[in-house]
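J.: To start, I am sharing the structure in question, which I have written as structure tokens.
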Amino acid sequence: MDRPSAVERLLREAAPHEVFDVVRALIERRHGAVAVELLMADYALTQLQPVGVLPQTHDPVPVHGTAPGRTFSTQQPHWVHDPAVSTVTVYLPVSVRGDRLGVLRVQLPVDGSDVDAEVLEDLAECAGALAHEIVVAERDTDLFLQARRAERLTLAAEMQWQLLPGRSCARPEYSLGAQLEPAYAIFGDSFDWSASADELILTVSNGMGEGIEATLLTNLAINALRNARRAGLDLAAQALLADQAIYGRHQGQQFLSTLLLRFHLPTGKAEIIDAGSPRIWRLRAGNVEAIELEAQMPLGMFEDTAYTPQHFEVEPGDRLLFISDGVYDALSPAGEKYSLHALARAITSTRLLPASQVPRAMLQELLGHRGTGPATDDCLVVCLDWHGRPATG
């Protein structure tokens, strides 16, 4: 029977706020490391920030154009040799099931410019074990969440980020990535996902209103959907329960636009309920097209709304983009909607990026379209790459 590794055992025994200290001490002892640093990705996914005591005493590291940023983006370890001080700095991804948390930076004394394969394997094991433990530790300490902040979150944004499942995940059948902007001041847009052995359920929501009221509405809807999903109800019943919860609270004065999807992982067959404004674009064989759906009432608009799923199928190699109206309705200084031409160009230009990187890249291109003016709405992009179930036998 396989037993937990030494690093896993040490991490399980550590206090939540000490898990990185345990990894750092272990690497220093095993490999004589000169320095070990954990860099966490900020909420905007634009910089990496060292874990430590607030206020931040170190400058953040940009994701773009830096050595640790390269590892964060590619999710591959690499190292940089500094012959002046006879050291090699190794950068390792700190990720859990495709969700990118940050980068572990380890400076090692070496004679040459390479890193021993066994050393690299051990460091990768430490980084992987640390990532899993961070996810658990965040229930009991603010240390790692504080390191993700390049600036103070609004209260509405604090509530929204705590609601989300993560920002990316991956399985053999699919890869997912998502991002919200403005990262430090979001309020109504949200996404959620959950997978079982044979199903992936995905929701993409656009709540009406601003500030705390929008966030409270989204929290009510997402938790109602989760409650129905975890009770084993089908997609139509999930929508109905959430619709009743919102209408019961707001009597139609507030409502939530939502896409609800359920994918059958072995076949790619899917059902979808289009209850509002988030929309779907598909990239298939290099062609971009908007997926037209039967529009149904947003959740909570009317009492006892009946929802009917539609059916469609995804194929290996398909990329689906789920996009909120804050993106596709954004106007250029000349008054042109982003969805008219620029959105298709952005989908095409990001086609070679992995799903985890696509939302941030597309939102960056949106800034170029919109110009320097402030955003008038939340912006949400979710990217799903469908690989299909690998053949067995």
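Going by the structure tokens order, chains are called A, B, ..., each with residues numbered from 1, while ligands are numbered from 1 in the order shown.
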Could you give me, as a ChimeraX atom specification, the residues within 9 Å of segment 350-367 of chain A, counting only C-alpha atoms and dropping anything in the same chain fewer than 3 positions from it?
T.: /A:44-46,73-74,98-100,167-170,175-181,283,286,319,321,327,330,338,342-343,345-347,370-373,375,379-385
J.: Write out, as a tab-separated table (two decimals), in the first residue's frame, the residues just selected, with C-alpha atoms.
T.:
```tsv
chain	number	residue	atom	x	y	z
A	44	ALA	CA	-6.12	40.03	-11.51
A	45	LEU	CA	-3.59	37.36	-12.59
A	46	THR	CA	-1.12	40.08	-13.54
A	73	SER	CA	1.91	30.68	-17.56
A	74	THR	CA	3.36	27.48	-19.01
A	98	GLY	CA	-5.15	22.69	-13.08
A	99	ASP	CA	-5.93	25.61	-10.74
A	100	ARG	CA	-2.88	27.87	-10.78
A	167	ARG	CA	-10.16	30.03	-11.64
A	168	SER	CA	-9.17	26.97	-13.61
A	169	CYS	CA	-9.35	23.21	-13.47
A	170	ALA	CA	-8.45	20.31	-15.72
A	175	SER	CA	-9.88	22.11	-19.34
A	176	LEU	CA	-11.57	25.15	-17.81
A	177	GLY	CA	-10.41	28.70	-17.17
A	178	ALA	CA	-12.29	31.77	-15.93
A	179	GLN	CA	-11.62	35.36	-14.95
A	180	LEU	CA	-13.61	38.31	-13.62
A	181	GLU	CA	-12.82	42.00	-14.03
A	283	LEU	CA	-14.28	27.86	-31.90
A	286	GLY	CA	-10.62	27.53	-36.74
A	319	ARG	CA	-13.48	25.50	-27.51
A	321	LEU	CA	-16.40	30.72	-24.59
A	327	VAL	CA	-17.74	42.01	-22.51
A	330	ALA	CA	-18.63	46.92	-24.40
A	338	TYR	CA	-17.03	44.42	-28.92
A	342	ALA	CA	-13.30	42.49	-32.10
A	343	LEU	CA	-14.62	39.52	-30.11
A	345	ARG	CA	-10.62	38.42	-33.53
A	346	ALA	CA	-9.82	37.96	-29.82
A	347	ILE	CA	-11.11	34.38	-29.85
A	370	ARG	CA	-12.71	49.94	-24.97
A	371	GLY	CA	-9.93	52.47	-24.53
A	372	THR	CA	-8.85	54.11	-21.31
A	373	GLY	CA	-12.31	54.87	-19.98
A	375	ALA	CA	-15.59	49.87	-17.18
A	379	CYS	CA	-16.66	41.50	-17.31
A	380	LEU	CA	-16.62	37.70	-17.24
A	381	VAL	CA	-15.05	35.15	-19.58
A	382	VAL	CA	-15.13	31.38	-19.05
A	383	CYS	CA	-13.24	29.12	-21.48
A	384	LEU	CA	-13.95	25.40	-21.86
A	385	ASP	CA	-11.67	23.24	-24.01
```
J.: Return as a VMD selection string the full set of residues in segment 205-310 of chain A whose backbone-based DSSP assignment is alpha helix (DSSP H).
T.: chain A and resid 211 to 230 235 to 250
J.: Counting only C-alpha atoms, give me one row per residue of segment 80-152 of chain A with an atom at most 7 Å from an atom of segment 22-36 of chain A, showing the shortest contact pair and its distance in Å to one decimal, sorted by chain then residue number, as a tab-separated table.
T.:
```
residue	atom	partner	partner_atom	distance
A:Arg105	CA	A:Val36	CA	5.7
A:Val106	CA	A:Val36	CA	4.6
A:Gln107	CA	A:Ala35	CA	5.1
A:Leu108	CA	A:Ala33	CA	4.7
A:Pro109	CA	A:Ala33	CA	6.7
A:Cys126	CA	A:Val23	CA	6.7
```
J.: Can you work out which one of A:Gly368, A:Pro62, A:Gly232, A:Gly317 has the shortest atom-to-atom distance to Tyr174 of chain A, counting only C-alpha atoms?
T.: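 Once distances to Tyr174 of chain A are computed over only C-alpha atoms, the minimum belongs to A:Gly317.
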J.: Could you name the residues that touch Ala129 of chain A at 8 Å or less, counting only C-alpha atoms, but leaving out those on the same chain fewer than 3 positions away, as a list of chain:residue names?
T.: A:Val7, A:Glu8, A:Leu11, A:Glu125, A:Cys126, A:His132, A:Glu133
J.: Save the residues we just selected, C-alpha atoms, as a short mmCIF file (atom, residue, chain, number, x, y, z; two decimals), in the first residue's frame?
T.:
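This is the output file selection_2.cif:
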```cif
data_model
loop_
_atom_site.label_atom_id
_atom_site.label_comp_id
_atom_site.auth_asym_id
_atom_site.auth_seq_id
_atom_site.Cartn_x
_atom_site.Cartn_y
_atom_site.Cartn_z
CA VAL A 7 6.69 16.09 2.86
CA GLU A 8 2.97 15.22 2.87
CA LEU A 11 2.48 19.28 6.00
CA GLU A 125 6.86 16.99 -5.29
CA CYS A 126 7.27 19.66 -2.61
CA HIS A 132 -2.81 20.86 -2.02
CA GLU A 133 -2.12 21.93 1.54
#
```
J.: Counting only C-alpha atoms, which residue out of A:Leu153, A:Ala147, A:Leu120, A:Ala131 sits closest to Pro50 of chain A?
T.: A:Ala147
J.: Using only C-alpha atoms, determine which residues lie at most 8 Å from Ala150 of chain A, disregarding the query and same-chain residues fewer than 3 positions distant; provide the list as a ChimeraX atom specification.
T.: /A:42-43,49,147
J.: Report the residues of segment 93-260 of chain A whose backbone DSSP state falls under strand (DSSP E), written as number ranges by chain.
T.: A: 93-96, 99-109, 168-171, 174-181, 189-195, 199-207, 256-260
J.: Restricted to C-alpha atoms, what would the selected residues look like written as a PDB file, in the first residue's frame?
T.:
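Result went into again_26.pdb, see below:
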```pdb
ATOM      1  CA  PRO A  93       4.302  25.716 -10.553  1.00  0.00           C
ATOM      2  CA  VAL A  94       2.164  25.556  -7.429  1.00  0.00           C
ATOM      3  CA  SER A  95      -1.124  24.219  -8.780  1.00  0.00           C
ATOM      4  CA  VAL A  96      -3.979  21.891  -7.828  1.00  0.00           C
ATOM      5  CA  ASP A  99      -5.932  25.607 -10.742  1.00  0.00           C
ATOM      6  CA  ARG A 100      -2.882  27.866 -10.782  1.00  0.00           C
ATOM      7  CA  LEU A 101      -2.108  29.242  -7.320  1.00  0.00           C
ATOM      8  CA  GLY A 102       1.425  30.553  -7.715  1.00  0.00           C
ATOM      9  CA  VAL A 103       5.103  29.705  -8.117  1.00  0.00           C
ATOM     10  CA  LEU A 104       7.730  28.263  -5.790  1.00  0.00           C
ATOM     11  CA  ARG A 105      11.141  29.935  -6.260  1.00  0.00           C
ATOM     12  CA  VAL A 106      14.171  27.980  -4.987  1.00  0.00           C
ATOM     13  CA  GLN A 107      17.752  29.230  -5.203  1.00  0.00           C
ATOM     14  CA  LEU A 108      20.296  26.380  -5.096  1.00  0.00           C
ATOM     15  CA  PRO A 109      24.101  26.411  -4.858  1.00  0.00           C
ATOM     16  CA  SER A 168      -9.173  26.969 -13.614  1.00  0.00           C
ATOM     17  CA  CYS A 169      -9.350  23.209 -13.470  1.00  0.00           C
ATOM     18  CA  ALA A 170      -8.453  20.306 -15.717  1.00  0.00           C
ATOM     19  CA  ARG A 171      -9.362  16.687 -16.306  1.00  0.00           C
ATOM     20  CA  TYR A 174     -11.769  19.019 -20.504  1.00  0.00           C
ATOM     21  CA  SER A 175      -9.881  22.106 -19.336  1.00  0.00           C
ATOM     22  CA  LEU A 176     -11.571  25.153 -17.809  1.00  0.00           C
ATOM     23  CA  GLY A 177     -10.407  28.704 -17.170  1.00  0.00           C
ATOM     24  CA  ALA A 178     -12.285  31.775 -15.933  1.00  0.00           C
ATOM     25  CA  GLN A 179     -11.620  35.363 -14.947  1.00  0.00           C
ATOM     26  CA  LEU A 180     -13.607  38.314 -13.623  1.00  0.00           C
ATOM     27  CA  GLU A 181     -12.822  42.004 -14.031  1.00  0.00           C
ATOM     28  CA  ASP A 189     -21.013  38.285 -12.368  1.00  0.00           C
ATOM     29  CA  SER A 190     -20.066  34.786 -11.266  1.00  0.00           C
ATOM     30  CA  PHE A 191     -19.385  31.222 -12.371  1.00  0.00           C
ATOM     31  CA  ASP A 192     -19.504  27.798 -10.775  1.00  0.00           C
ATOM     32  CA  TRP A 193     -18.635  24.248 -11.732  1.00  0.00           C
ATOM     33  CA  SER A 194     -18.745  20.750 -10.326  1.00  0.00           C
ATOM     34  CA  ALA A 195     -17.748  17.395 -11.795  1.00  0.00           C
ATOM     35  CA  GLU A 199     -20.784  14.733 -15.578  1.00  0.00           C
ATOM     36  CA  LEU A 200     -19.616  18.323 -15.589  1.00  0.00           C
ATOM     37  CA  ILE A 201     -22.119  20.953 -14.462  1.00  0.00           C
ATOM     38  CA  LEU A 202     -21.253  24.563 -15.273  1.00  0.00           C
ATOM     39  CA  THR A 203     -23.129  27.781 -14.502  1.00  0.00           C
ATOM     40  CA  VAL A 204     -22.299  31.285 -15.722  1.00  0.00           C
ATOM     41  CA  SER A 205     -24.256  34.130 -14.131  1.00  0.00           C
ATOM     42  CA  ASN A 206     -24.774  37.851 -14.617  1.00  0.00           C
ATOM     43  CA  GLY A 207     -26.546  39.430 -11.634  1.00  0.00           C
ATOM     44  CA  LEU A 256     -30.334  36.788 -12.309  1.00  0.00           C
ATOM     45  CA  SER A 257     -29.352  35.966 -15.892  1.00  0.00           C
ATOM     46  CA  THR A 258     -27.768  32.521 -16.008  1.00  0.00           C
ATOM     47  CA  LEU A 259     -26.536  29.815 -18.334  1.00  0.00           C
ATOM     48  CA  LEU A 260     -26.814  26.316 -16.866  1.00  0.00           C
TER      49      LEU A 260
END
```
J.: With only C-alpha atoms as the counted atoms, please give the residues lying no more than 9 Å from segment 76-85 of chain A, apart from itself and same-chain residues fewer than 4 positions off, as a VMD selection string.
T.: chain A and resid 67 to 68 70 to 72 89 to 93 109 to 115 120 124
J.: Any idea what the distance is between atom CA of Ala41 of chain A and atom CA of Asp116 of chain A?
T.: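 Between atom CA of Ala41 of chain A and atom CA of Asp116 of chain A the gap works out to 27.6 Å.
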J.: Which one of A:Ile222, A:Leu235, A:Val88, A:Met40 sits closest to Phe144 of chain A if you count only C-alpha atoms?
T.: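 Residue with the minimum atom-to-atom distance to Phe144 of chain A: A:Met40.
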J.: Residues near Val51 of chain A, anyone? I mean within 10 Å using only C-alpha atoms, not counting same-chain ones fewer than 6 positions away, as a PyMOL selection string.
T.: chain A and resi 20+37-40+57-58+143-148
J.: Save out the residues we just selected, N, CA and C atoms, as a PDB file, in the first residue's frame.
T.:
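This is the output file selection.pdb:
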```
ATOM      1  N   PHE A  20       3.933  26.676   4.518  1.00  0.00           N
ATOM      2  CA  PHE A  20       5.050  27.081   3.663  1.00  0.00           C
ATOM      3  C   PHE A  20       6.368  27.057   4.417  1.00  0.00           C
ATOM      4  N   GLU A  37      11.125  30.856  -1.758  1.00  0.00           N
ATOM      5  CA  GLU A  37      10.069  31.863  -1.697  1.00  0.00           C
ATOM      6  C   GLU A  37       8.822  31.346  -2.400  1.00  0.00           C
ATOM      7  N   LEU A  38       7.664  31.616  -1.806  1.00  0.00           N
ATOM      8  CA  LEU A  38       6.387  31.273  -2.418  1.00  0.00           C
ATOM      9  C   LEU A  38       5.739  32.547  -2.929  1.00  0.00           C
ATOM     10  N   LEU A  39       5.427  32.561  -4.227  1.00  0.00           N
ATOM     11  CA  LEU A  39       4.781  33.703  -4.861  1.00  0.00           C
ATOM     12  C   LEU A  39       3.354  33.311  -5.236  1.00  0.00           C
ATOM     13  N   MET A  40       2.376  34.061  -4.735  1.00  0.00           N
ATOM     14  CA  MET A  40       0.969  33.781  -5.023  1.00  0.00           C
ATOM     15  C   MET A  40       0.466  34.704  -6.131  1.00  0.00           C
ATOM     16  N   THR A  57       6.304  43.627   2.016  1.00  0.00           N
ATOM     17  CA  THR A  57       7.615  44.270   2.129  1.00  0.00           C
ATOM     18  C   THR A  57       8.478  44.034   0.891  1.00  0.00           C
ATOM     19  N   HIS A  58       7.964  43.270  -0.071  1.00  0.00           N
ATOM     20  CA  HIS A  58       8.693  43.004  -1.306  1.00  0.00           C
ATOM     21  C   HIS A  58       7.877  43.516  -2.490  1.00  0.00           C
ATOM     22  N   LEU A 143      -3.420  33.892   5.585  1.00  0.00           N
ATOM     23  CA  LEU A 143      -2.071  34.200   5.112  1.00  0.00           C
ATOM     24  C   LEU A 143      -1.960  34.174   3.595  1.00  0.00           C
ATOM     25  N   PHE A 144      -2.478  33.128   2.958  1.00  0.00           N
ATOM     26  CA  PHE A 144      -2.311  32.980   1.518  1.00  0.00           C
ATOM     27  C   PHE A 144      -3.286  33.865   0.743  1.00  0.00           C
ATOM     28  N   LEU A 145      -4.461  34.091   1.286  1.00  0.00           N
ATOM     29  CA  LEU A 145      -5.406  35.002   0.652  1.00  0.00           C
ATOM     30  C   LEU A 145      -4.893  36.442   0.703  1.00  0.00           C
ATOM     31  N   GLN A 146      -4.241  36.802   1.783  1.00  0.00           N
ATOM     32  CA  GLN A 146      -3.674  38.154   1.879  1.00  0.00           C
ATOM     33  C   GLN A 146      -2.581  38.369   0.841  1.00  0.00           C
ATOM     34  N   ALA A 147      -1.813  37.320   0.566  1.00  0.00           N
ATOM     35  CA  ALA A 147      -0.716  37.452  -0.395  1.00  0.00           C
ATOM     36  C   ALA A 147      -1.226  37.635  -1.819  1.00  0.00           C
ATOM     37  N   ARG A 148      -2.496  37.339  -2.073  1.00  0.00           N
ATOM     38  CA  ARG A 148      -3.058  37.477  -3.420  1.00  0.00           C
ATOM     39  C   ARG A 148      -3.511  38.896  -3.721  1.00  0.00           C
TER      40      ARG A 148
END
```
